[in-house]
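Q: Data: work.cif, mmCIF, C-alpha atoms (C1' of nucleotides).
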data_query
#
loop_
_atom_site.group_PDB
_atom_site.id
_atom_site.type_symbol
_atom_site.label_atom_id
_atom_site.label_comp_id
_atom_site.auth_asym_id
_atom_site.auth_seq_id
_atom_site.Cartn_x
_atom_site.Cartn_y
_atom_site.Cartn_z
ATOM 1 C CA MET A 244 0.000 0.000 0.000
ATOM 2 C CA SER A 245 1.237 3.450 -0.863
ATOM 3 C CA PRO A 246 1.054 5.915 2.005
ATOM 4 C CA GLY A 247 -0.803 9.192 2.009
ATOM 5 C CA HIS A 248 -3.712 10.003 -0.279
ATOM 6 C CA ILE A 249 -5.038 7.384 -2.667
ATOM 7 C CA HIS A 250 -5.896 9.678 -5.529
ATOM 8 C CA VAL A 251 -5.018 7.309 -8.363
ATOM 9 C CA PRO A 252 -7.620 7.658 -11.139
ATOM 10 C CA THR A 253 -7.705 3.891 -11.564
ATOM 11 C CA ASP A 254 -9.055 3.519 -8.059
ATOM 12 C CA CYS A 255 -11.628 6.216 -8.704
ATOM 13 C CA ARG A 256 -13.224 4.208 -11.477
ATOM 14 C CA THR A 257 -13.316 1.115 -9.297
ATOM 15 C CA VAL A 258 -14.785 3.012 -6.400
ATOM 16 C CA THR A 259 -17.446 4.523 -8.622
ATOM 17 C CA GLU A 260 -18.262 1.066 -9.899
ATOM 18 C CA ILE A 261 -18.700 -0.301 -6.387
ATOM 19 C CA LEU A 262 -20.778 2.699 -5.429
ATOM 20 C CA SER A 263 -23.106 2.110 -8.345
ATOM 21 C CA ARG A 264 -23.617 -1.428 -7.084
ATOM 22 C CA VAL A 265 -24.624 -0.002 -3.742
ATOM 23 C CA GLY A 266 -26.947 2.525 -5.312
ATOM 24 C CA ASP A 267 -28.594 0.021 -7.581
ATOM 25 C CA LYS A 268 -32.223 -0.503 -6.848
ATOM 26 C CA TRP A 269 -32.093 -3.983 -5.308
ATOM 27 C CA SER A 270 -28.598 -5.151 -4.333
ATOM 28 C CA VAL A 271 -28.483 -3.514 -0.936
ATOM 29 C CA GLN A 272 -31.952 -4.692 0.020
ATOM 30 C CA VAL A 273 -31.050 -8.249 -0.906
ATOM 31 C CA VAL A 274 -27.804 -8.025 1.031
ATOM 32 C CA VAL A 275 -29.672 -6.707 4.059
ATOM 33 C CA GLN A 276 -32.091 -9.624 3.902
ATOM 34 C CA LEU A 277 -29.221 -12.089 3.636
ATOM 35 C CA GLY A 278 -27.665 -10.328 6.600
ATOM 36 C CA GLU A 279 -30.324 -12.024 8.723
ATOM 37 C CA GLY A 280 -29.158 -15.412 7.512
ATOM 38 C CA SER A 281 -29.251 -17.759 4.543
ATOM 39 C CA ARG A 282 -32.357 -17.470 2.342
ATOM 40 C CA ARG A 283 -34.023 -19.344 -0.500
ATOM 41 C CA PHE A 284 -34.948 -17.707 -3.779
ATOM 42 C CA ASN A 285 -38.636 -17.265 -3.117
ATOM 43 C CA GLU A 286 -38.029 -16.254 0.454
ATOM 44 C CA LEU A 287 -36.006 -13.362 -0.861
ATOM 45 C CA ARG A 288 -38.626 -12.594 -3.441
ATOM 46 C CA ARG A 289 -41.261 -12.210 -0.764
ATOM 47 C CA SER A 290 -39.165 -10.206 1.679
ATOM 48 C CA VAL A 291 -37.812 -7.772 -0.906
ATOM 49 C CA THR A 292 -41.065 -6.040 -1.714
ATOM 50 C CA GLY A 293 -41.631 -5.124 -5.311
ATOM 51 C CA ILE A 294 -38.788 -7.018 -6.912
ATOM 52 C CA SER A 295 -39.497 -9.117 -9.979
ATOM 53 C CA GLN A 296 -38.077 -12.608 -10.253
ATOM 54 C CA ARG A 297 -36.033 -11.472 -13.176
ATOM 55 C CA MET A 298 -34.355 -8.689 -11.250
ATOM 56 C CA LEU A 299 -33.868 -10.930 -8.244
ATOM 57 C CA THR A 300 -32.048 -13.412 -10.438
ATOM 58 C CA LEU A 301 -29.906 -10.748 -12.034
ATOM 59 C CA THR A 302 -29.162 -9.095 -8.714
ATOM 60 C CA LEU A 303 -28.149 -12.376 -7.128
ATOM 61 C CA ARG A 304 -25.960 -13.252 -10.118
ATOM 62 C CA GLY A 305 -24.232 -9.911 -9.816
ATOM 63 C CA LEU A 306 -23.649 -10.336 -6.104
ATOM 64 C CA GLU A 307 -22.407 -13.865 -6.643
ATOM 65 C CA ARG A 308 -20.088 -12.709 -9.391
ATOM 66 C CA ASP A 309 -18.503 -10.149 -7.108
ATOM 67 C CA GLY A 310 -18.024 -12.760 -4.395
ATOM 68 C CA LEU A 311 -20.548 -11.149 -2.073
ATOM 69 C CA VAL A 312 -22.929 -14.101 -1.845
ATOM 70 C CA THR A 313 -22.685 -17.839 -2.388
ATOM 71 C CA ARG A 314 -25.253 -19.890 -4.243
ATOM 72 C CA THR A 315 -25.866 -23.433 -3.047
ATOM 73 C CA VAL A 316 -28.014 -25.801 -5.090
ATOM 74 C CA TYR A 317 -29.622 -28.859 -3.513
ATOM 75 C CA PRO A 318 -30.551 -31.205 -6.390
ATOM 76 C CA THR A 319 -33.791 -32.332 -4.771
ATOM 77 C CA ILE A 320 -37.307 -32.314 -6.138
ATOM 78 C CA PRO A 321 -38.522 -29.662 -5.968
ATOM 79 C CA PRO A 322 -35.159 -27.936 -6.265
ATOM 80 C CA ARG A 323 -33.826 -25.836 -3.436
ATOM 81 C CA VAL A 324 -31.314 -23.021 -3.772
ATOM 82 C CA ASP A 325 -29.828 -21.195 -0.829
ATOM 83 C CA TYR A 326 -28.130 -17.842 -0.944
ATOM 84 C CA GLN A 327 -25.798 -16.684 1.766
ATOM 85 C CA LEU A 328 -23.520 -13.742 2.418
ATOM 86 C CA THR A 329 -19.793 -14.373 2.153
ATOM 87 C CA GLY A 330 -17.331 -12.705 4.492
ATOM 88 C CA LEU A 331 -16.907 -10.037 1.871
ATOM 89 C CA GLY A 332 -20.653 -9.591 1.719
ATOM 90 C CA CYS A 333 -20.877 -9.239 5.484
ATOM 91 C CA SER A 334 -18.190 -6.592 5.542
ATOM 92 C CA LEU A 335 -19.999 -4.694 2.794
ATOM 93 C CA LEU A 336 -23.209 -4.895 4.777
ATOM 94 C CA LYS A 337 -21.487 -3.431 7.798
ATOM 95 C CA THR A 338 -20.113 -0.543 5.759
ATOM 96 C CA VAL A 339 -23.428 0.142 4.095
ATOM 97 C CA ARG A 340 -25.119 0.206 7.466
ATOM 98 C CA GLY A 341 -23.057 3.288 8.232
ATOM 99 C CA LEU A 342 -24.687 4.990 5.304
ATOM 100 C CA GLY A 343 -28.094 3.759 6.368
ATOM 101 C CA GLU A 344 -27.661 5.212 9.809
ATOM 102 C CA TRP A 345 -26.575 8.504 8.300
ATOM 103 C CA ALA A 346 -29.727 8.499 6.214
ATOM 104 C CA ILE A 347 -31.942 7.869 9.219
ATOM 105 C CA VAL A 348 -30.231 10.474 11.357
ATOM 106 C CA ASN A 349 -30.390 13.171 8.687
ATOM 107 C CA ARG A 350 -33.705 12.170 7.215
ATOM 108 C CA ASP A 351 -35.681 15.045 8.669
ATOM 109 C CA GLU A 352 -33.095 17.650 7.806
ATOM 110 C CA ILE A 353 -33.097 16.483 4.186
ATOM 111 C CA LEU A 354 -36.874 16.388 4.018
ATOM 112 C CA ASP A 355 -37.047 19.914 5.415
ATOM 113 C CA ALA A 356 -34.480 21.240 2.953
ATOM 114 C CA ARG A 357 -36.403 19.575 0.182
ATOM 115 C CA ARG A 358 -39.668 21.162 1.202
ATOM 116 C CA ARG A 359 -38.123 24.609 1.455
ATOM 117 C CA PHE A 360 -36.501 24.189 -1.946
ATOM 118 C CA ASP A 361 -39.749 23.117 -3.560
ATOM 119 C CA GLU A 362 -41.629 26.036 -2.036
ATOM 120 C CA GLY A 363 -39.053 28.418 -3.458
ATOM 121 C CA ALA A 364 -39.441 26.811 -6.868
ATOM 122 C CA ALA A 365 -43.201 27.230 -6.575
ATOM 123 C CA ASP A 366 -42.711 30.968 -5.954
ATOM 124 C CA GLN A 367 -40.762 31.273 -9.192
ATOM 125 C CA GLU A 368 -43.568 29.670 -11.155
ATOM 126 C CA VAL A 369 -45.932 32.479 -10.145
ATOM 127 C CA HIS A 370 -44.189 34.688 -12.669
ATOM 128 C CA GLN A 371 -44.977 32.197 -15.397
ATOM 129 C CA GLN A 372 -48.443 31.069 -14.377
ATOM 130 C CA ARG A 373 -51.469 33.294 -14.078
ATOM 131 C CA PRO A 374 -51.572 34.201 -10.367
ATOM 132 C CA ASP A 375 -55.338 33.707 -10.354
ATOM 133 C CA ALA A 376 -56.284 31.771 -7.273
ATOM 134 C CA ALA A 377 -53.361 33.258 -5.401
ATOM 135 C CA MET B 97 -36.318 8.300 18.863
ATOM 136 C CA SER B 98 -37.383 4.774 19.618
ATOM 137 C CA PRO B 99 -34.680 2.610 21.121
ATOM 138 C CA GLY B 100 -33.411 -0.675 19.720
ATOM 139 C CA HIS B 101 -33.661 -1.670 16.060
ATOM 140 C CA ILE B 102 -35.050 0.820 13.589
ATOM 141 C CA HIS B 103 -36.840 -1.616 11.302
ATOM 142 C CA VAL B 104 -39.776 0.624 10.450
ATOM 143 C CA PRO B 105 -40.680 0.257 6.762
ATOM 144 C CA THR B 106 -41.012 4.020 6.425
ATOM 145 C CA ASP B 107 -37.357 4.438 7.222
ATOM 146 C CA CYS B 108 -36.457 1.694 4.752
ATOM 147 C CA ARG B 109 -37.907 3.672 1.876
ATOM 148 C CA THR B 110 -36.055 6.790 2.959
ATOM 149 C CA VAL B 111 -32.811 4.921 3.337
ATOM 150 C CA THR B 112 -33.218 3.364 -0.094
ATOM 151 C CA GLU B 113 -33.842 6.798 -1.509
ATOM 152 C CA ILE B 114 -30.678 8.210 0.026
ATOM 153 C CA LEU B 115 -28.725 5.203 -1.146
ATOM 154 C CA SER B 116 -29.881 5.735 -4.689
ATOM 155 C CA ARG B 117 -28.572 9.283 -4.477
ATOM 156 C CA VAL B 118 -25.221 7.915 -3.426
ATOM 157 C CA GLY B 119 -25.215 5.321 -6.164
ATOM 158 C CA ASP B 120 -26.203 7.745 -8.856
ATOM 159 C CA LYS B 121 -23.571 8.244 -11.460
ATOM 160 C CA TRP B 122 -22.450 11.775 -10.619
ATOM 161 C CA SER B 123 -23.591 13.010 -7.188
ATOM 162 C CA VAL B 124 -20.799 11.433 -5.207
ATOM 163 C CA GLN B 125 -18.106 12.598 -7.594
ATOM 164 C CA VAL B 126 -19.409 16.151 -7.405
ATOM 165 C CA VAL B 127 -19.571 15.985 -3.621
ATOM 166 C CA VAL B 128 -16.007 14.710 -3.495
ATOM 167 C CA GLN B 129 -14.833 17.601 -5.654
ATOM 168 C CA LEU B 130 -16.669 20.087 -3.457
ATOM 169 C CA GLY B 131 -15.021 18.402 -0.498
ATOM 170 C CA GLU B 132 -11.811 20.106 -1.580
ATOM 171 C CA GLY B 133 -13.499 23.477 -1.328
ATOM 172 C CA SER B 134 -15.952 25.751 -3.093
ATOM 173 C CA ARG B 135 -16.069 25.390 -6.877
ATOM 174 C CA ARG B 136 -17.548 27.191 -9.864
ATOM 175 C CA PHE B 137 -19.764 25.497 -12.413
ATOM 176 C CA ASN B 138 -17.185 25.019 -15.130
ATOM 177 C CA GLU B 139 -14.509 24.072 -12.631
ATOM 178 C CA LEU B 140 -16.706 21.194 -11.617
ATOM 179 C CA ARG B 141 -17.403 20.344 -15.213
ATOM 180 C CA ARG B 142 -13.715 19.991 -15.934
ATOM 181 C CA SER B 143 -12.817 18.059 -12.807
ATOM 182 C CA VAL B 144 -15.688 15.586 -13.033
ATOM 183 C CA THR B 145 -14.551 13.799 -16.154
ATOM 184 C CA GLY B 146 -17.224 12.787 -18.594
ATOM 185 C CA ILE B 147 -20.148 14.684 -17.133
ATOM 186 C CA SER B 148 -22.351 16.708 -19.469
ATOM 187 C CA GLN B 149 -23.383 20.221 -18.533
ATOM 188 C CA ARG B 150 -26.945 19.059 -18.409
ATOM 189 C CA MET B 151 -26.246 16.339 -15.878
ATOM 190 C CA LEU B 152 -24.027 18.623 -13.855
ATOM 191 C CA THR B 153 -26.885 21.103 -13.590
ATOM 192 C CA LEU B 154 -29.355 18.391 -12.651
ATOM 193 C CA THR B 155 -26.977 16.839 -10.145
ATOM 194 C CA LEU B 156 -26.253 20.174 -8.494
ATOM 195 C CA ARG B 157 -29.958 21.008 -8.336
ATOM 196 C CA GLY B 158 -30.632 17.686 -6.646
ATOM 197 C CA LEU B 159 -27.853 18.192 -4.137
ATOM 198 C CA GLU B 160 -29.014 21.719 -3.468
ATOM 199 C CA ARG B 161 -32.577 20.536 -3.020
ATOM 200 C CA ASP B 162 -31.520 18.036 -0.383
ATOM 201 C CA GLY B 163 -29.556 20.700 1.444
ATOM 202 C CA LEU B 164 -26.196 19.117 0.659
ATOM 203 C CA VAL B 165 -24.740 22.043 -1.265
ATOM 204 C CA THR B 166 -25.361 25.771 -1.429
ATOM 205 C CA ARG B 167 -25.512 27.774 -4.633
ATOM 206 C CA THR B 168 -24.201 31.327 -4.561
ATOM 207 C CA VAL B 169 -24.750 33.639 -7.522
ATOM 208 C CA TYR B 170 -22.592 36.703 -8.066
ATOM 209 C CA PRO B 171 -24.510 38.966 -10.465
ATOM 210 C CA THR B 172 -21.385 40.096 -12.289
ATOM 211 C CA ILE B 173 -20.563 40.002 -15.975
ATOM 212 C CA PRO B 174 -19.704 37.348 -16.838
ATOM 213 C CA PRO B 175 -21.808 35.649 -14.179
ATOM 214 C CA ARG B 176 -20.157 33.621 -11.457
ATOM 215 C CA VAL B 177 -21.809 30.835 -9.492
ATOM 216 C CA ASP B 178 -20.144 29.079 -6.602
ATOM 217 C CA TYR B 179 -21.155 25.752 -5.179
ATOM 218 C CA GLN B 180 -20.160 24.676 -1.717
ATOM 219 C CA LEU B 181 -20.847 21.783 0.606
ATOM 220 C CA THR B 182 -23.128 22.434 3.548
ATOM 221 C CA GLY B 183 -22.513 20.848 6.915
ATOM 222 C CA LEU B 184 -24.918 18.137 5.884
ATOM 223 C CA GLY B 185 -22.972 17.628 2.674
ATOM 224 C CA CYS B 186 -19.700 17.354 4.591
ATOM 225 C CA SER B 187 -21.105 14.734 6.903
ATOM 226 C CA LEU B 188 -22.389 12.774 3.910
ATOM 227 C CA LEU B 189 -18.969 12.979 2.323
ATOM 228 C CA LYS B 190 -17.370 11.579 5.450
ATOM 229 C CA THR B 191 -19.813 8.666 5.528
ATOM 230 C CA VAL B 192 -19.374 7.915 1.849
ATOM 231 C CA ARG B 193 -15.622 7.903 2.295
ATOM 232 C CA GLY B 194 -16.099 4.828 4.458
ATOM 233 C CA LEU B 195 -17.629 3.067 1.500
ATOM 234 C CA GLY B 196 -14.877 4.314 -0.769
ATOM 235 C CA GLU B 197 -12.230 2.901 1.510
ATOM 236 C CA TRP B 198 -14.061 -0.405 1.636
ATOM 237 C CA ALA B 199 -14.072 -0.453 -2.144
ATOM 238 C CA ILE B 200 -10.347 0.207 -2.357
ATOM 239 C CA VAL B 201 -9.477 -2.351 0.296
ATOM 240 C CA ASN B 202 -11.605 -5.081 -1.266
ATOM 241 C CA ARG B 203 -11.019 -4.145 -4.864
ATOM 242 C CA ASP B 204 -8.683 -7.022 -5.668
ATOM 243 C CA GLU B 205 -10.822 -9.609 -3.928
ATOM 244 C CA ILE B 206 -13.834 -8.524 -5.933
ATOM 245 C CA LEU B 207 -11.907 -8.460 -9.186
ATOM 246 C CA ASP B 208 -10.605 -11.957 -8.486
ATOM 247 C CA ALA B 209 -14.048 -13.305 -7.678
ATOM 248 C CA ARG B 210 -15.340 -11.723 -10.834
ATOM 249 C CA ARG B 211 -12.659 -13.326 -12.984
ATOM 250 C CA ARG B 212 -13.265 -16.751 -11.480
ATOM 251 C CA PHE B 213 -17.005 -16.390 -12.010
ATOM 252 C CA ASP B 214 -16.575 -15.403 -15.636
ATOM 253 C CA GLU B 215 -14.222 -18.296 -16.300
ATOM 254 C CA GLY B 216 -16.770 -20.686 -14.867
ATOM 255 C CA ALA B 217 -19.431 -19.196 -17.118
ATOM 256 C CA ALA B 218 -17.112 -19.634 -20.082
ATOM 257 C CA ASP B 219 -16.742 -23.329 -19.245
ATOM 258 C CA GLN B 220 -20.503 -23.753 -19.400
ATOM 259 C CA GLU B 221 -20.632 -22.281 -22.867
ATOM 260 C CA VAL B 222 -18.456 -25.080 -24.228
ATOM 261 C CA HIS B 223 -21.434 -27.396 -23.967
ATOM 262 C CA GLN B 224 -23.492 -25.062 -26.090
ATOM 263 C CA GLN B 225 -20.938 -24.139 -28.726
ATOM 264 C CA ARG B 226 -19.461 -26.541 -31.238
ATOM 265 C CA PRO B 227 -16.155 -27.591 -29.646
ATOM 266 C CA ASP B 228 -14.471 -27.302 -33.047
ATOM 267 C CA ALA B 229 -11.227 -25.510 -32.568
ATOM 268 C CA ALA B 230 -10.945 -27.035 -29.111
ATOM 269 C "C1'" DC C 30 -39.275 -24.396 -6.995
ATOM 270 C "C1'" DG C 31 -35.913 -21.715 -9.357
ATOM 271 C "C1'" DG C 32 -35.006 -19.915 -12.863
ATOM 272 C "C1'" DG C 33 -34.047 -18.780 -18.562
ATOM 273 C "C1'" DA C 34 -35.914 -16.419 -22.823
ATOM 274 C "C1'" DT C 35 -38.599 -12.742 -24.931
ATOM 275 C "C1'" DC C 36 -41.075 -8.682 -25.576
ATOM 276 C "C1'" DC C 37 -41.696 -4.058 -24.575
ATOM 277 C "C1'" DC C 38 -41.854 0.347 -22.268
ATOM 278 C "C1'" DC C 39 -39.912 4.093 -20.098
ATOM 279 C "C1'" DC C 40 -36.712 7.484 -18.862
ATOM 280 C "C1'" DA C 41 -31.809 8.526 -17.462
ATOM 281 C "C1'" DG C 42 -28.754 10.820 -19.642
ATOM 282 C "C1'" DG C 43 -25.741 12.338 -23.939
ATOM 283 C "C1'" DA C 44 -25.434 15.795 -27.935
ATOM 284 C "C1'" DT C 45 -26.562 19.928 -29.697
ATOM 285 C "C1'" DA C 46 -28.345 24.599 -30.037
ATOM 286 C "C1'" DC C 47 -29.915 28.843 -27.916
ATOM 287 C "C1'" DT C 48 -30.073 32.695 -24.035
ATOM 288 C "C1'" DG C 49 -29.086 36.262 -20.360
ATOM 289 C "C1'" DC D 194 -19.929 31.922 -17.892
ATOM 290 C "C1'" DA D 195 -23.810 29.430 -16.457
ATOM 291 C "C1'" DG D 196 -27.260 27.705 -17.554
ATOM 292 C "C1'" DT D 197 -32.242 26.187 -20.287
ATOM 293 C "C1'" DA D 198 -34.777 23.682 -24.033
ATOM 294 C "C1'" DT D 199 -35.164 19.991 -27.317
ATOM 295 C "C1'" DC D 200 -34.274 15.868 -29.451
ATOM 296 C "C1'" DC D 201 -32.917 11.093 -29.393
ATOM 297 C "C1'" DT D 202 -30.965 6.661 -28.050
ATOM 298 C "C1'" DG D 203 -29.515 2.645 -24.731
ATOM 299 C "C1'" DG D 204 -30.555 -0.189 -21.571
ATOM 300 C "C1'" DG D 205 -32.720 -0.858 -16.910
ATOM 301 C "C1'" DG D 206 -36.300 -3.230 -15.557
ATOM 302 C "C1'" DG D 207 -41.356 -4.996 -15.527
ATOM 303 C "C1'" DA D 208 -44.677 -8.669 -17.449
ATOM 304 C "C1'" DT D 209 -45.285 -12.932 -19.379
ATOM 305 C "C1'" DC D 210 -44.454 -17.575 -20.915
ATOM 306 C "C1'" DC D 211 -41.923 -21.766 -20.606
ATOM 307 C "C1'" DC D 212 -38.826 -25.446 -18.842
ATOM 308 C "C1'" DG D 213 -36.189 -29.049 -15.780
#
What would the structure in this file look like if it were written as structure tokens?

A:
Amino acid sequence: MSPGHIHVPTDCRTVTEILSRVGDKWSVQVVVQLGEGSRRFNELRRSVTGISQRMLTLTLRGLERDGLVTRTVYPTIPPRVDYQLTGLGCSLLKTVRGLGEWAIVNRDEILDARRRFDEGAADQEVHQQRPDAA
Amino acid sequence: MSPGHIHVPTDCRTVTEILSRVGDKWSVQVVVQLGEGSRRFNELRRSVTGISQRMLTLTLRGLERDGLVTRTVYPTIPPRVDYQLTGLGCSLLKTVRGLGEWAIVNRDEILDARRRFDEGAADQEVHQQRPDAA
DNA sequence: CGGGATCCCCCAGGATACTG
DNA sequence: CAGTATCCTGGGGGATCCCG
């Protein structure tokens, strides 16, 4: 490891890539679910509200590809497939939790800022709309 | 604040929303740049490689809306607009840095896992392709 | 049950041109 | 310089059907 800052552009691209995985619509939610323990496909489907089976498959494949979850197939009838976080996956979960806590803590402040901003934007529109019912 | 776990579904949606902001293609990069100090529009445009002026505008508006950056207009000619992180923005930056460090630390492990996974997938394809030149 | 294959829609986001 | 407005395309992602 080189000391000091880590400003190499190569790392930046990698970091951005990882971040996009975190920001993707489903990955984090799946990881959180798996944080509670090993889960089957349809168990995940039910607990991650709103996900389609297609996206669940793709999400799991992506996580498996990056070594964040393992996929275990039991060749029974009916088939059974278990997904489980790897050590890497667990460590990611821990890190992401930091972000989650930040979000919860600052939730209200963000919502307030948002409301103020939107009210200001509404004021601007008065000059464009007919200020009838004002 | 209720003690213990914070598993309320309402919070989940908020957290997901924040996460998507973090995972979005440009927000984090802009925030990182602003972490070095106040910047003008075109300064940002140059330092955030690949961003279009349209997306920079949209990204900055979003960040401003959430109270993460401030926008200061100097009505000079030519106009000058400075963007700067708020306290909220700084705290987000700090939290995101945790994720960035995770990404750097685990970069190689992920890349390795990815390579192994892709090789395995390539093996499967042999059964579907004509093993001619094999 | 746990997916793969297909179709299709929507919109994030790039390119370009214009304005104050 | 710092945007706004418009057009246009790629692919993210839902719905549906099928298969071992």

Q: Pick out the chain C residues within 10 Å of chain B. Count only C-alpha atoms (C1' of nucleotides). Give them as a list in words.

A: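 In the required form, that comes to DA41, DG42, DG43, DA44 and DG49 of chain C.
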
Q: Using C-alpha atoms (C1' of nucleotides), can you write the selected residues to a file as a compact mmCIF listing (two decimals), keeping the file's coordinate frame?

A:
# COMPACT_ATOMS: atom_id res chain seq x y z
C1' DA C 41 -31.81 8.53 -17.46
C1' DG C 42 -28.75 10.82 -19.64
C1' DG C 43 -25.74 12.34 -23.94
C1' DA C 44 -25.43 15.80 -27.94
C1' DG C 49 -29.09 36.26 -20.36

Q: List, as a PDB file with C-alpha atoms, in the frame of the given file, every residue that the PyMOL selection byres ((chain A and resi 256-261) around 12) selects in the file provided.

A:
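After the write, expr_11.pdb holds the following:
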ATOM      1  CA  ILE A 249      -5.038   7.384  -2.667  1.00  0.00           C
ATOM      2  CA  HIS A 250      -5.896   9.678  -5.529  1.00  0.00           C
ATOM      3  CA  VAL A 251      -5.018   7.309  -8.363  1.00  0.00           C
ATOM      4  CA  PRO A 252      -7.620   7.658 -11.139  1.00  0.00           C
ATOM      5  CA  THR A 253      -7.705   3.891 -11.564  1.00  0.00           C
ATOM      6  CA  ASP A 254      -9.055   3.519  -8.059  1.00  0.00           C
ATOM      7  CA  CYS A 255     -11.628   6.216  -8.704  1.00  0.00           C
ATOM      8  CA  LEU A 262     -20.778   2.699  -5.429  1.00  0.00           C
ATOM      9  CA  SER A 263     -23.106   2.110  -8.345  1.00  0.00           C
ATOM     10  CA  ARG A 264     -23.617  -1.428  -7.084  1.00  0.00           C
ATOM     11  CA  VAL A 265     -24.624  -0.002  -3.742  1.00  0.00           C
ATOM     12  CA  GLY A 266     -26.947   2.525  -5.312  1.00  0.00           C
ATOM     13  CA  ASP A 267     -28.594   0.021  -7.581  1.00  0.00           C
ATOM     14  CA  SER A 270     -28.598  -5.151  -4.333  1.00  0.00           C
ATOM     15  CA  VAL A 271     -28.483  -3.514  -0.936  1.00  0.00           C
ATOM     16  CA  GLY A 305     -24.232  -9.911  -9.816  1.00  0.00           C
ATOM     17  CA  LEU A 306     -23.649 -10.336  -6.104  1.00  0.00           C
ATOM     18  CA  ASP A 309     -18.503 -10.149  -7.108  1.00  0.00           C
ATOM     19  CA  LEU A 311     -20.548 -11.149  -2.073  1.00  0.00           C
ATOM     20  CA  LEU A 335     -19.999  -4.694   2.794  1.00  0.00           C
ATOM     21  CA  VAL A 339     -23.428   0.142   4.095  1.00  0.00           C
TER      22      VAL A 339
ATOM     23  CA  VAL B 118     -25.221   7.915  -3.426  1.00  0.00           C
ATOM     24  CA  GLY B 119     -25.215   5.321  -6.164  1.00  0.00           C
ATOM     25  CA  ASP B 120     -26.203   7.745  -8.856  1.00  0.00           C
ATOM     26  CA  LYS B 121     -23.571   8.244 -11.460  1.00  0.00           C
ATOM     27  CA  TRP B 122     -22.450  11.775 -10.619  1.00  0.00           C
ATOM     28  CA  SER B 123     -23.591  13.010  -7.188  1.00  0.00           C
ATOM     29  CA  VAL B 124     -20.799  11.433  -5.207  1.00  0.00           C
ATOM     30  CA  GLN B 125     -18.106  12.598  -7.594  1.00  0.00           C
ATOM     31  CA  VAL B 126     -19.409  16.151  -7.405  1.00  0.00           C
ATOM     32  CA  VAL B 128     -16.007  14.710  -3.495  1.00  0.00           C
ATOM     33  CA  VAL B 144     -15.688  15.586 -13.033  1.00  0.00           C
ATOM     34  CA  THR B 145     -14.551  13.799 -16.154  1.00  0.00           C
ATOM     35  CA  GLY B 146     -17.224  12.787 -18.594  1.00  0.00           C
ATOM     36  CA  VAL B 192     -19.374   7.915   1.849  1.00  0.00           C
ATOM     37  CA  ARG B 193     -15.622   7.903   2.295  1.00  0.00           C
ATOM     38  CA  GLY B 194     -16.099   4.828   4.458  1.00  0.00           C
ATOM     39  CA  LEU B 195     -17.629   3.067   1.500  1.00  0.00           C
ATOM     40  CA  GLY B 196     -14.877   4.314  -0.769  1.00  0.00           C
ATOM     41  CA  GLU B 197     -12.230   2.901   1.510  1.00  0.00           C
ATOM     42  CA  TRP B 198     -14.061  -0.405   1.636  1.00  0.00           C
ATOM     43  CA  ALA B 199     -14.072  -0.453  -2.144  1.00  0.00           C
ATOM     44  CA  ILE B 200     -10.347   0.207  -2.357  1.00  0.00           C
ATOM     45  CA  VAL B 201      -9.477  -2.351   0.296  1.00  0.00           C
ATOM     46  CA  ASN B 202     -11.605  -5.081  -1.266  1.00  0.00           C
ATOM     47  CA  ARG B 203     -11.019  -4.145  -4.864  1.00  0.00           C
ATOM     48  CA  ASP B 204      -8.683  -7.022  -5.668  1.00  0.00           C
ATOM     49  CA  ILE B 206     -13.834  -8.524  -5.933  1.00  0.00           C
ATOM     50  CA  LEU B 207     -11.907  -8.460  -9.186  1.00  0.00           C
TER      51      LEU B 207
END

Q: Work out how far C1' of DC211 (chain D) is from CA of Ala218 (chain B), in Å to one decimal.

A: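 Computed distance, CA of Ala218 (chain B) to C1' of DC211 (chain D), equals 24.9 Å.
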
Q: Find the residues in chain D near chain B: any atom within 9 Å counts, using all atoms listed in the file. Write them as a list in words.

A: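 Taking all atoms listed in the file into account, DC194, DA195 and DG196 of chain D sit within 9 Å of chain B.
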
Q: Give me, please, the distance in Å between CA of Glu362 (chain A) and CA of Thr166 (chain B), quoted to one decimal.

A: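 Taking CA of Glu362 (chain A) and CA of Thr166 (chain B), their separation equals 16.3 Å.
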
Q: List the residues matched by the PyMOL selection byres ((chain C and resi 45) around 9) in the displayed structure as a short mmCIF file (atom, residue, chain, number, x, y, z; two decimals) with C-alpha atoms (C1' of nucleotides), in the coordinates of the input, ordered by chain and then by residue number.

A:
data_model
loop_
_atom_site.label_atom_id
_atom_site.label_comp_id
_atom_site.auth_asym_id
_atom_site.auth_seq_id
_atom_site.Cartn_x
_atom_site.Cartn_y
_atom_site.Cartn_z
"C1'" DA C 44 -25.43 15.80 -27.94
"C1'" DA C 46 -28.34 24.60 -30.04
"C1'" DT D 199 -35.16 19.99 -27.32
"C1'" DC D 200 -34.27 15.87 -29.45
#

Q: I would like the residues chosen by the PyMOL selection byres ((chain A and resi 332) around 8) on the shown file; could you give them as number ranges by chain?

A: A: 274, 310-312, 328-331, 333-336

Q: Write out as an mmCIF file with C-alpha atoms (C1' of nucleotides), keeping the file's coordinate frame the residues lying within 12 Å of DC40 (chain C), counting all atoms listed in the file and excluding same-chain residues fewer than 2 positions away.

A:
data_model
loop_
_atom_site.group_PDB
_atom_site.id
_atom_site.type_symbol
_atom_site.label_atom_id
_atom_site.label_comp_id
_atom_site.auth_asym_id
_atom_site.auth_seq_id
_atom_site.Cartn_x
_atom_site.Cartn_y
_atom_site.Cartn_z
ATOM 1 C "C1'" DC C 38 -41.854 0.347 -22.268
ATOM 2 C "C1'" DG C 42 -28.754 10.820 -19.642
ATOM 3 C "C1'" DC D 201 -32.917 11.093 -29.393
ATOM 4 C "C1'" DT D 202 -30.965 6.661 -28.050
ATOM 5 C "C1'" DG D 203 -29.515 2.645 -24.731
ATOM 6 C "C1'" DG D 204 -30.555 -0.189 -21.571
ATOM 7 C "C1'" DG D 205 -32.720 -0.858 -16.910
ATOM 8 C "C1'" DG D 206 -36.300 -3.230 -15.557
#
